[in-house]
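Visitor: Below: one structure in structure tokens.
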Amino acid sequence: MADLNNDLRLAVDTGSVALGTEETQKAVSGNRAKLVVITSKGKADAIDDITHLCNVAGIKLVMFKGSSMELGTVCGKPYSINSLAVIEAGNSKILTEEY
């Protein structure tokens with residue numbers, strides 16, 4: 001079974017990732033995002049907006065089961081992250097695995 005946390009960290013460290021709600025929305029709207037990860041415990045309106053954008057653009061959406069602080073920690077950041085868009089996977093297999 002694939003490990004989302006490890007694949008996220010690899011993507012952040014070796015690929016190109018847009019962090020945060022605004023940057024995620026820009027990446028999706030600009031057709032640069034290949035995958036979006038969003039916390040299931042985030043703000044409902046932000047989750048709805050990003051989910052809608054991903055559905056319209058046909059971009060895979062993965063729900064992160066932890067909090068935004070936990071997502072920030074997984075990404076190696078000292079702050080909370082509600083969502084992120086993977087633009088380039090780097091050495092990660094995040095675009096080819098199922099979570």
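Following the order of the structure tokens, chains are lettered A, B, ..., residues in each are numbered from 1, and ligands are numbered from 1.
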Find the residues near Ser29 (chain A): any atom within 9 Å, counting only C-alpha atoms, skip ones fewer than 3 places away on the same chain, and give them as an MDAnalysis selection string.
Guide: chainID A and resid 24:26 32:33 53:54 57
Visitor: Keeping only N, CA and C atoms, write the selected residues as a PDB file, in the first residue's frame.
Guide:
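File produced: result-v7.pdb:
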```
ATOM      1  N   THR A  24      -3.104  26.754  -4.561  1.00  0.00           N
ATOM      2  CA  THR A  24      -3.716  25.544  -5.127  1.00  0.00           C
ATOM      3  C   THR A  24      -4.769  25.929  -6.160  1.00  0.00           C
ATOM      4  N   GLN A  25      -5.618  26.899  -5.819  1.00  0.00           N
ATOM      5  CA  GLN A  25      -6.655  27.337  -6.756  1.00  0.00           C
ATOM      6  C   GLN A  25      -6.038  27.910  -8.027  1.00  0.00           C
ATOM      7  N   LYS A  26      -4.960  28.671  -7.901  1.00  0.00           N
ATOM      8  CA  LYS A  26      -4.270  29.217  -9.078  1.00  0.00           C
ATOM      9  C   LYS A  26      -3.697  28.103  -9.948  1.00  0.00           C
ATOM     10  N   ARG A  32      -2.057  23.790 -14.293  1.00  0.00           N
ATOM     11  CA  ARG A  32      -0.715  23.312 -13.962  1.00  0.00           C
ATOM     12  C   ARG A  32      -0.746  22.149 -12.982  1.00  0.00           C
ATOM     13  N   ALA A  33      -1.808  22.025 -12.199  1.00  0.00           N
ATOM     14  CA  ALA A  33      -1.910  20.979 -11.173  1.00  0.00           C
ATOM     15  C   ALA A  33      -2.192  19.623 -11.810  1.00  0.00           C
ATOM     16  N   LEU A  53     -13.451  23.066  -8.423  1.00  0.00           N
ATOM     17  CA  LEU A  53     -12.437  23.357  -9.442  1.00  0.00           C
ATOM     18  C   LEU A  53     -11.803  22.076  -9.989  1.00  0.00           C
ATOM     19  N   CYS A  54     -11.498  21.138  -9.102  1.00  0.00           N
ATOM     20  CA  CYS A  54     -10.892  19.874  -9.535  1.00  0.00           C
ATOM     21  C   CYS A  54     -11.847  19.064 -10.397  1.00  0.00           C
ATOM     22  N   ALA A  57     -12.013  20.681 -13.836  1.00  0.00           N
ATOM     23  CA  ALA A  57     -10.755  20.529 -14.578  1.00  0.00           C
ATOM     24  C   ALA A  57     -10.350  19.067 -14.781  1.00  0.00           C
TER      25      ALA A  57
END
```
Visitor: Find the nearest atom pair between each residue of region 20-77 of chain A and region 2-16 of chain A for residues within 9 Å, count only C-alpha atoms, give distances in Å to one decimal, sort rows by chain and ascending number, and present the table as JSON lines.
Guide:
```
{"residue": "A:Phe64", "atom": "CA", "partner": "A:Leu4", "partner_atom": "CA", "distance": 8.4}
{"residue": "A:Leu71", "atom": "CA", "partner": "A:Asn5", "partner_atom": "CA", "distance": 8.4}
{"residue": "A:Val74", "atom": "CA", "partner": "A:Asn5", "partner_atom": "CA", "distance": 6.0}
{"residue": "A:Cys75", "atom": "CA", "partner": "A:Arg9", "partner_atom": "CA", "distance": 5.1}
{"residue": "A:Gly76", "atom": "CA", "partner": "A:Arg9", "partner_atom": "CA", "distance": 7.2}
```
Visitor: Please produce a file of the residues just selected, as an mmCIF file, in the first residue's frame, where the atoms kept are N, CA and C atoms.
Guide:
```cif
data_model
loop_
_atom_site.group_PDB
_atom_site.id
_atom_site.type_symbol
_atom_site.label_atom_id
_atom_site.label_comp_id
_atom_site.auth_asym_id
_atom_site.auth_seq_id
_atom_site.Cartn_x
_atom_site.Cartn_y
_atom_site.Cartn_z
ATOM 1 N N PHE A 64 -6.640 14.362 2.612
ATOM 2 C CA PHE A 64 -5.661 14.063 3.652
ATOM 3 C C PHE A 64 -6.443 13.912 4.948
ATOM 4 N N LEU A 71 -0.665 18.252 7.973
ATOM 5 C CA LEU A 71 -0.245 18.317 6.574
ATOM 6 C C LEU A 71 0.996 19.195 6.436
ATOM 7 N N VAL A 74 3.962 17.138 7.586
ATOM 8 C CA VAL A 74 4.327 16.137 6.577
ATOM 9 C C VAL A 74 5.138 16.790 5.447
ATOM 10 N N CYS A 75 4.774 18.020 5.102
ATOM 11 C CA CYS A 75 5.453 18.742 4.025
ATOM 12 C C CYS A 75 6.759 19.401 4.496
ATOM 13 N N GLY A 76 7.063 19.273 5.794
ATOM 14 C CA GLY A 76 8.283 19.849 6.329
ATOM 15 C C GLY A 76 8.197 21.346 6.574
#
```
Visitor: I'd like to know which residues of region 23-72 of chain A are alpha helix (DSSP H) (by DSSP, run on the backbone); could you write them as a PyMOL selection string?
Guide: chain A and resi 23-29+44-57+68-72
Visitor: Would you mind listing what lies within 12 Å of region 45-47 of chain A as an mmCIF file with C-alpha atoms, in the first residue's frame, with only C-alpha atoms counted and same-chain residues fewer than 3 positions away left out?
Guide:
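Output (out.cif):
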```
data_model
loop_
_atom_site.group_PDB
_atom_site.id
_atom_site.type_symbol
_atom_site.label_atom_id
_atom_site.label_comp_id
_atom_site.auth_asym_id
_atom_site.auth_seq_id
_atom_site.Cartn_x
_atom_site.Cartn_y
_atom_site.Cartn_z
ATOM 1 C CA GLY A 20 -1.977 26.791 0.393
ATOM 2 C CA THR A 21 -5.537 27.374 -0.732
ATOM 3 C CA GLU A 22 -4.877 30.396 -2.958
ATOM 4 C CA THR A 24 -3.716 25.544 -5.127
ATOM 5 C CA GLN A 25 -6.655 27.337 -6.756
ATOM 6 C CA VAL A 36 -4.593 18.144 -5.411
ATOM 7 C CA VAL A 37 -4.422 17.164 -1.750
ATOM 8 C CA ILE A 38 -6.800 18.822 0.708
ATOM 9 C CA THR A 39 -7.329 18.307 4.429
ATOM 10 C CA SER A 40 -10.645 16.781 5.370
ATOM 11 C CA LYS A 41 -10.740 19.019 8.453
ATOM 12 C CA GLY A 42 -10.276 22.320 6.628
ATOM 13 C CA ILE A 50 -11.263 23.370 -4.554
ATOM 14 C CA THR A 51 -13.377 20.239 -5.004
ATOM 15 C CA HIS A 52 -15.503 22.040 -7.594
ATOM 16 C CA LEU A 53 -12.437 23.357 -9.442
ATOM 17 C CA CYS A 54 -10.892 19.874 -9.535
ATOM 18 C CA LEU A 61 -8.368 15.060 -5.573
ATOM 19 C CA VAL A 62 -6.992 13.239 -2.520
ATOM 20 C CA MET A 63 -8.360 13.895 0.968
ATOM 21 C CA PHE A 64 -5.661 14.063 3.652
ATOM 22 C CA ASN A 82 -5.043 23.300 4.081
ATOM 23 C CA SER A 83 -4.331 22.210 0.522
ATOM 24 C CA LEU A 84 -1.597 21.722 -2.006
#
```
Visitor: May I ask for the distance between CA of Leu95 (chain A) and CA of Asn55 (chain A), given in Å to one decimal place?
Guide: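 Result for CA of Leu95 (chain A) versus CA of Asn55 (chain A): 16.8 Å, one decimal.
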Visitor: Quick one: of A:Gly58, A:Lys93, A:Asp48, A:Glu70, who's nearest to Val28 (chain A), counting only C-alpha atoms?
Guide: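 For Val28 (chain A), the nearest of the given residues is A:Gly58.
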Visitor: Tell me which of A:Ile81, A:Thr73, A:Ala18, A:Leu35 sits closest to Tyr99 (chain A), counting only C-alpha atoms.
Guide: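 The shortest atom-to-atom distance to Tyr99 (chain A) comes from A:Leu35.
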Visitor: Step one, run DSSP on the backbone; step two, keep only residues of chain A assigned to strand (DSSP E or B); then write them as a ChimeraX atom specification.
Guide: /A:16-19,35-39,60-64,83-88
Visitor: Would you mind exporting N, CA and C atoms of the selected residues as a tab-separated table (two decimals), in the first residue's frame?
Guide:
```
chain	number	residue	atom	x	y	z
A	16	SER	N	7.68	19.94	-7.72
A	16	SER	CA	7.14	21.29	-7.67
A	16	SER	C	5.72	21.21	-7.12
A	17	VAL	N	5.50	21.93	-6.01
A	17	VAL	CA	4.22	21.86	-5.32
A	17	VAL	C	3.78	23.27	-4.96
A	18	ALA	N	2.50	23.57	-5.19
A	18	ALA	CA	1.92	24.84	-4.77
A	18	ALA	C	1.24	24.62	-3.43
A	19	LEU	N	1.65	25.37	-2.41
A	19	LEU	CA	1.13	25.19	-1.06
A	19	LEU	C	0.12	26.26	-0.70
A	35	LEU	N	-2.39	16.92	-9.46
A	35	LEU	CA	-3.06	16.27	-8.34
A	35	LEU	C	-3.23	17.30	-7.24
A	36	VAL	N	-4.35	17.23	-6.53
A	36	VAL	CA	-4.59	18.14	-5.41
A	36	VAL	C	-4.82	17.32	-4.16
A	37	VAL	N	-4.21	17.77	-3.06
A	37	VAL	CA	-4.42	17.16	-1.75
A	37	VAL	C	-5.04	18.23	-0.86
A	38	ILE	N	-6.11	17.87	-0.16
A	38	ILE	CA	-6.80	18.82	0.71
A	38	ILE	C	-7.10	18.14	2.03
A	39	THR	N	-7.02	18.89	3.12
A	39	THR	CA	-7.33	18.31	4.43
A	39	THR	C	-8.83	18.13	4.57
A	60	LYS	N	-7.41	14.89	-10.25
A	60	LYS	CA	-7.62	13.98	-9.14
A	60	LYS	C	-7.46	14.72	-7.82
A	61	LEU	N	-8.36	14.43	-6.89
A	61	LEU	CA	-8.37	15.06	-5.57
A	61	LEU	C	-8.19	13.98	-4.52
A	62	VAL	N	-7.25	14.18	-3.61
A	62	VAL	CA	-6.99	13.24	-2.52
A	62	VAL	C	-7.28	13.96	-1.21
A	63	MET	N	-8.08	13.33	-0.35
A	63	MET	CA	-8.36	13.90	0.97
A	63	MET	C	-7.30	13.41	1.95
A	64	PHE	N	-6.64	14.36	2.61
A	64	PHE	CA	-5.66	14.06	3.65
A	64	PHE	C	-6.44	13.91	4.95
A	83	SER	N	-4.31	22.92	1.80
A	83	SER	CA	-4.33	22.21	0.52
A	83	SER	C	-3.02	22.45	-0.21
A	84	LEU	N	-2.77	21.57	-1.15
A	84	LEU	CA	-1.60	21.72	-2.01
A	84	LEU	C	-1.88	21.12	-3.36
A	85	ALA	N	-1.18	21.61	-4.36
A	85	ALA	CA	-1.30	21.09	-5.71
A	85	ALA	C	0.05	20.57	-6.14
A	86	VAL	N	0.09	19.34	-6.61
A	86	VAL	CA	1.32	18.77	-7.14
A	86	VAL	C	1.41	19.16	-8.61
A	87	ILE	N	2.46	19.89	-8.94
A	87	ILE	CA	2.68	20.34	-10.32
A	87	ILE	C	3.66	19.40	-11.01
A	88	GLU	N	4.74	19.07	-10.34
A	88	GLU	CA	5.70	18.06	-10.80
A	88	GLU	C	5.98	17.13	-9.63
```
Visitor: In Å to one decimal, how far is CA of Tyr79 (chain A) from CA of Thr96 (chain A)?
Guide: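 Value for the CA of Thr96 (chain A)-CA of Tyr79 (chain A) distance: 27.5 Å.
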